[in-house]
Amino acid sequence: MLNRPEHPLEARDSFHGARTFTSNRGLELEEPLIFEIGRPETTGVDLDEPEPFESRLGVLERHSPIGLPGLSEPEAVRHYVRLSQKNYSIDAGLYPLGSCTMKHNPRLNEAMARLPGFADIHPLQPQSTVPGALELIGEVARWLMTLTGMPAIAMSPKAGAHGEACGMMAIKSAIAAKGEASTRKIVLVPESAHGTNPASATLIGFDVRPVPAGPDGRVDLQAFRALLGPEVAAIMLTNPNTCGLFESDIVEIADAMHAVGAYFYCDGANFNAIVGKARPGDLGVDAMHINLHKTFSTPHGGGGPGAGPVVLSRRLAPFAPAPFLRQEEGGLRLVEHTRDDSQSFGRMTAFHGQMGMFVRALSYMASHGADGLRQASEDAVLSANYIRASLNDLMSQPFGDAPCMHEVLFDDAWLKPTGLTTLDFAKAMIDEGYHPMTIYFPLVAHGAMLIEPTESESKASLDLFIATLRDLAQAALRGETERFIGAPIHAPRRRLDETRAARNPVLKWTKPAPK
Ligand SMILES: *Cc1c(COP(=O)(O)O)cnc(C)c1O
């Protein structure tokens with residue numbers, strides 16, 4: 001007789017725990033490193049043996065074979081297709097990574113970006129041959145200045161963090177122009193900030209002072225005021241902040257900064273929550289980067305591409321970097337070198353920016369229209385609040401239960417009695433086929449779980465996600481710890497030692513000794 005396990009999970013475990021002969025599971029195929037499958041003597045192409053020749057490399061001549069793995073064409077194709085299938089993406093399923101705005105990237109954008117007139121231009125081509133590209137950059141700039149209510153823009157920064165550096169350099173130049181370079185050194189950064197904010201401020205030569213959060217998850221206004229003084233250069237504030245909350249005192253904060261002669265840098269990574277609803281220019285912002293790859297949809301993650309244009313207030317506009325576009329008689333001209341008497345802080349990048357991303361952003365903006373962009377923001381906020389209202393009876397929120405913006409933040413207080421951690425819960429989501437939410441960020445919440453569904457998900461998709469999280473949460477509260485400890489159970493790899501991987505990375509393959 002079969003020895004039937006009592007619990008269906010045990011059945012799953014004992015079955016899935018069993019190793020198959022190939023280590024494949026169903027159609028989930030194991031894939032070794034390319035060095036492990038390739039053989040130096042194999043090649044996918046027919047090459048003639050080279051005639052004997054005299055090396056001209058002198059001492060640089062290689063005396064041992066280079067050892068590159070050789071694969072036949074089908075082997076190479078299978079290797080990379082299998083790897084690509086291991087890559088979770090927004091095209092595969094819901095991707096609730098808070099603060100990252102993993103929304104659908106319309107295919108229209110991709111078609112536009114591949115138009116040869118945009119895709120094939122070379123950054124060193126004479127300007128006279130690319131008037132259309134310059135016009136497109138100018139049009140993206142116009143949309144961004146309109147949506148933010150700001151009078152100037154630097155288009156060249158290549159990521160959000162790069163935009164932060166750009167904005168802080170403009171602020172540093174403005175301070176130097178007032179003769180205060182040696183005295184104004186402090187940048188205030190709220191505790192909930194993204195790590196790039198203090199890093200950018202430090203990189204540009206400022207000293208960072210943290211601003212505590214109040215019990216409502218927003219800047220503690222009293223503590224903030226206590227930090228103000230003539231040595232304060234700027235504040236770097238994210239709005240909506242990384243707790244998914246709108247900083248409702250933003251105008252007061254901006255006014256207080258300006259009153260002490262300091263500047264207001266706004267981290268605009270969360271712009272997706274307010275596009276078409278609020279204009280940062282009306283809120284007293286002096287500089288703000290916009291992550292085009294987040295808000296205006298370019299496939300991102302895994303290192304790029306990114307684009308982080310920075311809008312600037314009238315006070316900071318004179319310090320904007322080159323290159324920039326100038327309207328001249330014959331049309332737009334890209335100004336690459338600033339005059340000696342200019343106040344510009346200099347050249348930000350070699351070329352003008354990420355052309356492909358500008359095309360995608362304009363395609364996204366123009367196809368949505370002003371009303372469509374506003375609708376996207378409203379839907380993103382609605383989706384996050386739907387998730388919040390559907391889970392808040394089970395999962396705890398660090399700053400009480402109040403409406404959120406585009407993302408909802410839970411903490412681990414509700415997990416305390418179970419002995420499980422945020423990490424256990426997130427890893428168990430992988431077994432259910434969901435990419436986990438952002439965890440342990442922002443740092444102001446204990447065991448943070450930050451969920452950003454974006455406007456891309458249908459109600460059915462949100463309902464299934466919510467039902468899954470409820471099922472997991474109830475299992476955790478019932479004490480079914482086996483579903484969590486050591487999860488993921490069904491993924492191709494079990495739980496990895498991420499700390500060891502980060503501290504002790506093995507970056508080079510070494511050939512195993514022959515057995
Ligand atoms: C994503 C993000 C950044 C950094 O943007 P990158 O384009 O990844 O450099 C900065 N701040 C916040 C709040 C973010 O979410």
# chains A, B, ... in the order shown; residues from 1 in each chain; ligands from 1
$ residues_around --residues "stretch 115-130 of chain A" --least-positions-apart "5" --cutoff "8 Å" --atoms "only C-alpha atoms" --output "PyMOL selection string"
chain A and resi 333-334+351+355-356+359
$ write_last_selection --atoms "C-alpha atoms" --output "compact mmCIF listing (two decimals), in the first residue's frame"
# COMPACT_ATOMS: atom_id res chain seq x y z
CA ARG A 333 21.42 72.87 -32.10
CA LEU A 334 23.16 70.67 -29.56
CA PHE A 351 26.81 62.25 -25.65
CA MET A 355 18.33 58.02 -27.69
CA GLY A 356 16.41 54.74 -27.61
CA VAL A 359 12.05 57.52 -28.36
$ closest_atom_pairs --of "chain A" --to "ligand 1" --cutoff "8 Å" --atoms "only C-alpha atoms and all ligand atoms" --output "tab-separated table"
residue	atom	partner	partner_atom_place_in_ligand_line	distance
A:Gly98	CA	ligand 1	15 (O)	7.8
A:Ser99	CA	ligand 1	15 (O)	4.1
A:Cys100	CA	ligand 1	15 (O)	5.3
A:Thr101	CA	ligand 1	15 (O)	7.9
A:Lys158	CA	ligand 1	7 (O)	7.7
A:Ala159	CA	ligand 1	7 (O)	3.9
A:Gly160	CA	ligand 1	7 (O)	3.4
A:Ala161	CA	ligand 1	9 (O)	3.7
A:His162	CA	ligand 1	9 (O)	6.3
A:Gly163	CA	ligand 1	9 (O)	7.8
A:Glu164	CA	ligand 1	10 (C)	7.9
A:Ala193	CA	ligand 1	13 (C)	6.5
A:His194	CA	ligand 1	11 (N)	4.8
A:Gly195	CA	ligand 1	11 (N)	7.4
A:Thr196	CA	ligand 1	10 (C)	5.7
A:Asn197	CA	ligand 1	11 (N)	6.8
A:Thr238	CA	ligand 1	13 (C)	6.2
A:Asn241	CA	ligand 1	13 (C)	7.2
A:Thr242	CA	ligand 1	13 (C)	6.0
A:Asp267	CA	ligand 1	11 (N)	5.8
A:Gly268	CA	ligand 1	13 (C)	7.1
A:Ala269	CA	ligand 1	14 (C)	4.7
A:Asn270	CA	ligand 1	13 (C)	6.3
A:Asn291	CA	ligand 1	7 (O)	5.6
A:His293	CA	ligand 1	7 (O)	7.3
A:Lys294	CA	ligand 1	1 (C)	7.6
A:Gly306	CA	ligand 1	7 (O)	5.7
A:Ala307	CA	ligand 1	7 (O)	6.8
A:Gly308	CA	ligand 1	7 (O)	6.4
$ residues_around --residues "stretch 286-290 of chain A" --least-positions-apart "4" --cutoff "10 Å" --atoms "only C-alpha atoms" --output "PyMOL selection string"
chain A and resi 144+148+150+152-155+157+159-168+170-171+234+236-238+254+258+262-272+280-281+294-296+307-317
$ write_last_selection --atoms "C-alpha atoms" --output "PDB file, in the first residue's frame"
ATOM      1  CA  LEU A 144       8.725  66.619 -19.106  1.00  0.00           C
ATOM      2  CA  THR A 148       6.554  68.854 -13.901  1.00  0.00           C
ATOM      3  CA  MET A 150       9.574  73.316 -14.352  1.00  0.00           C
ATOM      4  CA  ALA A 152      14.583  74.004 -17.513  1.00  0.00           C
ATOM      5  CA  ILE A 153      15.852  70.486 -18.030  1.00  0.00           C
ATOM      6  CA  ALA A 154      19.088  68.533 -18.389  1.00  0.00           C
ATOM      7  CA  MET A 155      18.392  65.547 -20.636  1.00  0.00           C
ATOM      8  CA  PRO A 157      21.893  61.948 -17.158  1.00  0.00           C
ATOM      9  CA  ALA A 159      19.965  56.955 -14.654  1.00  0.00           C
ATOM     10  CA  GLY A 160      18.120  58.172 -11.593  1.00  0.00           C
ATOM     11  CA  ALA A 161      21.289  58.135  -9.498  1.00  0.00           C
ATOM     12  CA  HIS A 162      23.150  59.965 -12.279  1.00  0.00           C
ATOM     13  CA  GLY A 163      20.366  62.564 -12.277  1.00  0.00           C
ATOM     14  CA  GLU A 164      20.820  62.977  -8.525  1.00  0.00           C
ATOM     15  CA  ALA A 165      24.517  63.664  -9.120  1.00  0.00           C
ATOM     16  CA  CYS A 166      23.574  66.169 -11.831  1.00  0.00           C
ATOM     17  CA  GLY A 167      21.086  68.003  -9.625  1.00  0.00           C
ATOM     18  CA  MET A 168      23.488  68.094  -6.663  1.00  0.00           C
ATOM     19  CA  ALA A 170      23.939  72.223 -10.080  1.00  0.00           C
ATOM     20  CA  ILE A 171      23.130  72.995  -6.418  1.00  0.00           C
ATOM     21  CA  ALA A 234      19.845  71.189   0.385  1.00  0.00           C
ATOM     22  CA  MET A 236      16.893  65.402  -0.882  1.00  0.00           C
ATOM     23  CA  LEU A 237      13.281  64.365  -0.442  1.00  0.00           C
ATOM     24  CA  THR A 238      11.394  61.651  -2.295  1.00  0.00           C
ATOM     25  CA  ALA A 254      10.332  73.829   0.416  1.00  0.00           C
ATOM     26  CA  HIS A 258      14.397  78.543   0.681  1.00  0.00           C
ATOM     27  CA  ALA A 262      19.084  76.246   0.700  1.00  0.00           C
ATOM     28  CA  TYR A 263      17.769  74.180  -2.215  1.00  0.00           C
ATOM     29  CA  PHE A 264      15.139  71.495  -2.542  1.00  0.00           C
ATOM     30  CA  TYR A 265      16.153  68.372  -4.482  1.00  0.00           C
ATOM     31  CA  CYS A 266      13.216  66.053  -5.087  1.00  0.00           C
ATOM     32  CA  ASP A 267      13.857  62.403  -5.914  1.00  0.00           C
ATOM     33  CA  GLY A 268      11.278  61.885  -8.663  1.00  0.00           C
ATOM     34  CA  ALA A 269      11.592  58.104  -8.946  1.00  0.00           C
ATOM     35  CA  ASN A 270       8.002  57.796  -7.750  1.00  0.00           C
ATOM     36  CA  PHE A 271       6.637  60.264 -10.296  1.00  0.00           C
ATOM     37  CA  ASN A 272       4.357  57.513 -11.644  1.00  0.00           C
ATOM     38  CA  PRO A 280       6.618  69.453  -8.640  1.00  0.00           C
ATOM     39  CA  GLY A 281       7.285  72.972  -9.921  1.00  0.00           C
ATOM     40  CA  LYS A 294      10.265  53.655 -14.519  1.00  0.00           C
ATOM     41  CA  THR A 295       7.566  56.237 -15.146  1.00  0.00           C
ATOM     42  CA  PHE A 296       7.706  56.309 -18.926  1.00  0.00           C
ATOM     43  CA  ALA A 307      17.651  57.693 -18.386  1.00  0.00           C
ATOM     44  CA  GLY A 308      17.340  60.255 -15.619  1.00  0.00           C
ATOM     45  CA  PRO A 309      16.590  63.705 -17.050  1.00  0.00           C
ATOM     46  CA  VAL A 310      16.653  66.442 -14.391  1.00  0.00           C
ATOM     47  CA  VAL A 311      14.180  69.307 -14.384  1.00  0.00           C
ATOM     48  CA  LEU A 312      15.486  72.521 -12.843  1.00  0.00           C
ATOM     49  CA  SER A 313      13.935  75.604 -11.302  1.00  0.00           C
ATOM     50  CA  ARG A 314      14.693  79.124 -12.536  1.00  0.00           C
ATOM     51  CA  ARG A 315      17.238  79.480  -9.712  1.00  0.00           C
ATOM     52  CA  LEU A 316      19.237  76.465 -10.859  1.00  0.00           C
ATOM     53  CA  ALA A 317      18.741  76.722 -14.640  1.00  0.00           C
TER      54      ALA A 317
END
$ residues_around --residues "A:Leu391" --least-positions-apart "2" --cutoff "12 Å" --atoms "only C-alpha atoms" --output "PyMOL selection string"
chain A and resi 384-389+393-397+401+408-410+414+451+462-463+465-474
$ closest_residue --among "A:Leu443, A:Ala213, A:Ala448, A:Leu147" --to "A:Arg279" --atoms "only C-alpha atoms"
A:Leu147
$ residues_around --residues "stretch 22-29 of chain A" --least-positions-apart "6" --cutoff "12 Å" --atoms "only C-alpha atoms" --output "list of chain:residue names"
A:Phe15, A:His16, A:Arg78, A:His79, A:Val81, A:Arg82, A:Leu83, A:Ser84, A:Gln85, A:Lys86, A:His490, A:Ala491, A:Pro492, A:Arg493
$ write_last_selection --atoms "all heavy atoms" --output "short mmCIF file (atom, residue, chain, number, x, y, z; two decimals), in the first residue's frame"
data_model
loop_
_atom_site.label_atom_id
_atom_site.label_comp_id
_atom_site.auth_asym_id
_atom_site.auth_seq_id
_atom_site.Cartn_x
_atom_site.Cartn_y
_atom_site.Cartn_z
N PHE A 15 7.83 14.62 -3.31
CA PHE A 15 7.99 14.42 -4.74
C PHE A 15 9.05 15.33 -5.30
O PHE A 15 9.97 14.91 -5.99
CB PHE A 15 6.67 14.64 -5.48
CG PHE A 15 6.86 14.63 -6.97
CD1 PHE A 15 7.16 13.44 -7.61
CD2 PHE A 15 6.81 15.80 -7.70
CE1 PHE A 15 7.38 13.43 -8.98
CE2 PHE A 15 7.03 15.79 -9.07
CZ PHE A 15 7.31 14.59 -9.70
N HIS A 16 8.92 16.63 -4.95
CA HIS A 16 9.84 17.59 -5.56
C HIS A 16 11.23 17.52 -4.97
O HIS A 16 12.19 17.92 -5.59
CB HIS A 16 9.27 19.01 -5.45
CG HIS A 16 8.23 19.26 -6.48
ND1 HIS A 16 8.54 19.71 -7.73
CD2 HIS A 16 6.91 19.06 -6.46
CE1 HIS A 16 7.43 19.82 -8.43
NE2 HIS A 16 6.42 19.42 -7.68
N ARG A 78 20.56 26.86 -27.64
CA ARG A 78 19.88 26.29 -26.46
C ARG A 78 20.40 26.90 -25.17
O ARG A 78 19.64 27.19 -24.25
CB ARG A 78 20.09 24.77 -26.42
CG ARG A 78 19.19 24.06 -27.37
CD ARG A 78 19.38 22.59 -27.28
NE ARG A 78 18.59 21.95 -28.32
CZ ARG A 78 18.79 20.70 -28.72
NH1 ARG A 78 19.74 19.97 -28.16
NH2 ARG A 78 18.03 20.19 -29.66
N HIS A 79 21.70 27.12 -25.09
CA HIS A 79 22.26 27.69 -23.86
C HIS A 79 21.60 29.03 -23.56
O HIS A 79 21.13 29.26 -22.44
CB HIS A 79 23.77 27.86 -24.02
CG HIS A 79 24.43 28.48 -22.82
ND1 HIS A 79 24.54 27.83 -21.62
CD2 HIS A 79 24.98 29.72 -22.64
CE1 HIS A 79 25.14 28.62 -20.74
NE2 HIS A 79 25.43 29.78 -21.33
N VAL A 81 18.83 30.41 -24.90
CA VAL A 81 17.37 30.36 -24.74
C VAL A 81 17.02 29.86 -23.34
O VAL A 81 16.16 30.40 -22.66
CB VAL A 81 16.72 29.50 -25.84
CG1 VAL A 81 15.27 29.19 -25.49
CG2 VAL A 81 16.78 30.23 -27.18
N ARG A 82 17.73 28.83 -22.88
CA ARG A 82 17.44 28.31 -21.52
C ARG A 82 17.74 29.38 -20.46
O ARG A 82 16.97 29.53 -19.52
CB ARG A 82 18.28 27.05 -21.25
CG ARG A 82 17.75 25.86 -22.01
CD ARG A 82 18.65 24.67 -21.80
NE ARG A 82 18.18 23.54 -22.60
CZ ARG A 82 18.83 22.39 -22.68
NH1 ARG A 82 19.96 22.21 -22.04
NH2 ARG A 82 18.33 21.41 -23.41
N LEU A 83 18.83 30.09 -20.63
CA LEU A 83 19.12 31.15 -19.67
C LEU A 83 18.02 32.21 -19.71
O LEU A 83 17.57 32.70 -18.67
CB LEU A 83 20.48 31.80 -19.98
CG LEU A 83 21.72 30.99 -19.68
CD1 LEU A 83 22.96 31.87 -19.89
CD2 LEU A 83 21.73 30.44 -18.27
N SER A 84 17.58 32.56 -20.91
CA SER A 84 16.56 33.61 -21.03
C SER A 84 15.27 33.18 -20.36
O SER A 84 14.53 33.99 -19.82
CB SER A 84 16.31 33.97 -22.51
OG SER A 84 15.53 32.96 -23.13
N GLN A 85 15.00 31.86 -20.38
CA GLN A 85 13.77 31.37 -19.75
C GLN A 85 13.85 31.39 -18.23
O GLN A 85 12.85 31.25 -17.56
CB GLN A 85 13.44 29.97 -20.26
CG GLN A 85 12.97 30.01 -21.71
CD GLN A 85 12.87 28.64 -22.33
OE1 GLN A 85 13.52 27.70 -21.86
NE2 GLN A 85 12.08 28.52 -23.38
N LYS A 86 15.04 31.53 -17.69
CA LYS A 86 15.17 31.61 -16.23
C LYS A 86 15.00 33.04 -15.75
O LYS A 86 15.03 33.32 -14.56
CB LYS A 86 16.54 31.10 -15.80
CG LYS A 86 16.74 29.63 -16.12
CD LYS A 86 17.95 29.07 -15.43
CE LYS A 86 18.29 27.69 -15.95
NZ LYS A 86 17.14 26.77 -16.01
N HIS A 490 10.17 24.85 -4.66
CA HIS A 490 9.95 24.35 -6.02
C HIS A 490 10.78 25.04 -7.08
O HIS A 490 10.69 24.71 -8.25
CB HIS A 490 8.47 24.49 -6.38
CG HIS A 490 7.56 23.87 -5.37
ND1 HIS A 490 7.77 22.59 -4.90
CD2 HIS A 490 6.48 24.35 -4.71
CE1 HIS A 490 6.84 22.31 -4.00
NE2 HIS A 490 6.05 23.35 -3.86
N ALA A 491 11.56 26.06 -6.69
CA ALA A 491 12.38 26.77 -7.68
C ALA A 491 13.57 25.91 -8.09
O ALA A 491 13.94 24.99 -7.36
CB ALA A 491 12.86 28.09 -7.09
N PRO A 492 14.15 26.19 -9.24
CA PRO A 492 15.30 25.40 -9.68
C PRO A 492 16.44 25.41 -8.66
O PRO A 492 17.18 24.46 -8.53
CB PRO A 492 15.75 26.09 -10.98
CG PRO A 492 14.60 26.90 -11.43
CD PRO A 492 13.78 27.23 -10.23
N ARG A 493 16.58 26.51 -7.92
CA ARG A 493 17.56 26.57 -6.84
C ARG A 493 16.81 26.83 -5.54
O ARG A 493 15.87 27.61 -5.52
CB ARG A 493 18.55 27.71 -7.06
CG ARG A 493 19.47 27.51 -8.24
CD ARG A 493 20.51 26.43 -7.95
NE ARG A 493 21.34 26.22 -9.13
CZ ARG A 493 21.01 25.42 -10.14
NH1 ARG A 493 19.88 24.76 -10.12
NH2 ARG A 493 21.81 25.28 -11.17
#
$ select_by_dssp --residues "stretch 285-468 of chain A" --states "helix (DSSP H, G or I)" --output "PyMOL selection string"
chain A and resi 292-295+317-319+355-391+413-418+422-431+459-468
$ residues_around --residues "A:Asp371" --least-positions-apart "6" --cutoff "12 Å" --atoms "only C-alpha atoms" --output "PDB file with N, CA, C and O atoms, in the first residue's frame"
ATOM      1  N   LEU A 147       4.872  68.488 -17.738  1.00  0.00           N
ATOM      2  CA  LEU A 147       4.306  67.603 -16.710  1.00  0.00           C
ATOM      3  C   LEU A 147       4.797  67.964 -15.310  1.00  0.00           C
ATOM      4  O   LEU A 147       4.103  67.714 -14.321  1.00  0.00           O
ATOM      5  N   VAL A 275       1.823  61.818 -11.916  1.00  0.00           N
ATOM      6  CA  VAL A 275       1.837  62.434 -13.248  1.00  0.00           C
ATOM      7  C   VAL A 275       0.422  62.921 -13.591  1.00  0.00           C
ATOM      8  O   VAL A 275      -0.547  62.169 -13.468  1.00  0.00           O
ATOM      9  N   GLY A 276       0.316  64.171 -13.984  1.00  0.00           N
ATOM     10  CA  GLY A 276      -0.980  64.702 -14.374  1.00  0.00           C
ATOM     11  C   GLY A 276      -1.853  65.104 -13.193  1.00  0.00           C
ATOM     12  O   GLY A 276      -2.971  65.592 -13.383  1.00  0.00           O
ATOM     13  N   LYS A 277      -1.380  64.865 -11.969  1.00  0.00           N
ATOM     14  CA  LYS A 277      -2.157  65.208 -10.772  1.00  0.00           C
ATOM     15  C   LYS A 277      -1.516  66.372 -10.019  1.00  0.00           C
ATOM     16  O   LYS A 277      -2.220  67.203  -9.453  1.00  0.00           O
ATOM     17  N   MET A 365       4.375  58.674 -24.013  1.00  0.00           N
ATOM     18  CA  MET A 365       3.648  59.886 -23.628  1.00  0.00           C
ATOM     19  C   MET A 365       2.640  60.268 -24.713  1.00  0.00           C
ATOM     20  O   MET A 365       1.478  60.581 -24.427  1.00  0.00           O
ATOM     21  N   SER A 377      -1.599  57.147 -13.643  1.00  0.00           N
ATOM     22  CA  SER A 377      -1.255  57.445 -12.240  1.00  0.00           C
ATOM     23  C   SER A 377      -2.397  57.063 -11.311  1.00  0.00           C
ATOM     24  O   SER A 377      -2.185  56.442 -10.256  1.00  0.00           O
ATOM     25  N   GLU A 378      -3.611  57.433 -11.713  1.00  0.00           N
ATOM     26  CA  GLU A 378      -4.771  57.129 -10.864  1.00  0.00           C
ATOM     27  C   GLU A 378      -4.931  55.621 -10.691  1.00  0.00           C
ATOM     28  O   GLU A 378      -5.200  55.138  -9.589  1.00  0.00           O
TER      29      GLU A 378
END
$ closest_residue --among "A:Ala361, A:Ile439, A:Leu332, A:Ala176" --to "A:Ala133" --atoms "only C-alpha atoms"
A:Leu332
$ atom_distance --atom1 "atom CA of A:Glu191" --atom2 "atom CA of A:Ala445"
10.0 Å
$ atom_distance --atom1 "atom CA of A:Ile253" --atom2 "atom CA of A:Leu450"
25.3 Å
$ closest_residue --among "A:Met169, A:Cys243, A:Leu477, A:Ile66" --to "A:Cys404" --atoms "only C-alpha atoms"
A:Cys243
$ decode --residues "stretch 60-76 of chain A" --atoms "N, CA and C atoms" --output "PDB file, in the first residue's frame"
ATOM      1  N   LEU A  60      53.784  40.188 -26.333  1.00  0.00           N
ATOM      2  CA  LEU A  60      52.372  39.999 -25.974  1.00  0.00           C
ATOM      3  C   LEU A  60      51.803  38.713 -26.570  1.00  0.00           C
ATOM      4  N   GLU A  61      52.628  38.019 -27.328  1.00  0.00           N
ATOM      5  CA  GLU A  61      52.122  36.807 -27.980  1.00  0.00           C
ATOM      6  C   GLU A  61      51.676  35.787 -26.933  1.00  0.00           C
ATOM      7  N   ARG A  62      50.540  35.152 -27.217  1.00  0.00           N
ATOM      8  CA  ARG A  62      49.979  34.178 -26.292  1.00  0.00           C
ATOM      9  C   ARG A  62      50.615  32.813 -26.562  1.00  0.00           C
ATOM     10  N   HIS A  63      51.036  32.163 -25.503  1.00  0.00           N
ATOM     11  CA  HIS A  63      51.692  30.875 -25.700  1.00  0.00           C
ATOM     12  C   HIS A  63      50.813  29.690 -25.339  1.00  0.00           C
ATOM     13  N   SER A  64      49.718  29.979 -24.644  1.00  0.00           N
ATOM     14  CA  SER A  64      48.817  28.869 -24.323  1.00  0.00           C
ATOM     15  C   SER A  64      47.462  29.162 -24.970  1.00  0.00           C
ATOM     16  N   PRO A  65      46.667  28.127 -25.218  1.00  0.00           N
ATOM     17  CA  PRO A  65      45.363  28.378 -25.847  1.00  0.00           C
ATOM     18  C   PRO A  65      44.489  29.265 -24.950  1.00  0.00           C
ATOM     19  N   ILE A  66      43.620  30.036 -25.579  1.00  0.00           N
ATOM     20  CA  ILE A  66      42.817  30.997 -24.820  1.00  0.00           C
ATOM     21  C   ILE A  66      41.734  30.295 -23.988  1.00  0.00           C
ATOM     22  N   GLY A  67      41.321  29.105 -24.424  1.00  0.00           N
ATOM     23  CA  GLY A  67      40.406  28.294 -23.612  1.00  0.00           C
ATOM     24  C   GLY A  67      38.949  28.702 -23.683  1.00  0.00           C
ATOM     25  N   LEU A  68      38.562  29.441 -24.732  1.00  0.00           N
ATOM     26  CA  LEU A  68      37.151  29.817 -24.850  1.00  0.00           C
ATOM     27  C   LEU A  68      36.317  28.587 -25.149  1.00  0.00           C
ATOM     28  N   PRO A  69      35.119  28.504 -24.553  1.00  0.00           N
ATOM     29  CA  PRO A  69      34.291  27.337 -24.828  1.00  0.00           C
ATOM     30  C   PRO A  69      33.757  27.394 -26.253  1.00  0.00           C
ATOM     31  N   GLY A  70      33.859  26.325 -26.981  1.00  0.00           N
ATOM     32  CA  GLY A  70      33.309  26.279 -28.333  1.00  0.00           C
ATOM     33  C   GLY A  70      32.010  25.505 -28.312  1.00  0.00           C
ATOM     34  N   LEU A  71      30.993  26.002 -29.031  1.00  0.00           N
ATOM     35  CA  LEU A  71      29.697  25.323 -29.086  1.00  0.00           C
ATOM     36  C   LEU A  71      29.236  25.274 -30.528  1.00  0.00           C
ATOM     37  N   SER A  72      28.510  24.233 -30.851  1.00  0.00           N
ATOM     38  CA  SER A  72      27.853  24.201 -32.151  1.00  0.00           C
ATOM     39  C   SER A  72      26.708  25.211 -32.114  1.00  0.00           C
ATOM     40  N   GLU A  73      26.159  25.545 -33.284  1.00  0.00           N
ATOM     41  CA  GLU A  73      25.085  26.544 -33.285  1.00  0.00           C
ATOM     42  C   GLU A  73      23.891  26.108 -32.421  1.00  0.00           C
ATOM     43  N   PRO A  74      23.384  24.864 -32.572  1.00  0.00           N
ATOM     44  CA  PRO A  74      22.246  24.502 -31.703  1.00  0.00           C
ATOM     45  C   PRO A  74      22.602  24.531 -30.224  1.00  0.00           C
ATOM     46  N   GLU A  75      23.834  24.164 -29.871  1.00  0.00           N
ATOM     47  CA  GLU A  75      24.217  24.218 -28.454  1.00  0.00           C
ATOM     48  C   GLU A  75      24.209  25.658 -27.950  1.00  0.00           C
ATOM     49  N   ALA A  76      24.722  26.573 -28.765  1.00  0.00           N
ATOM     50  CA  ALA A  76      24.766  27.979 -28.360  1.00  0.00           C
ATOM     51  C   ALA A  76      23.347  28.531 -28.222  1.00  0.00           C
TER      52      ALA A  76
END
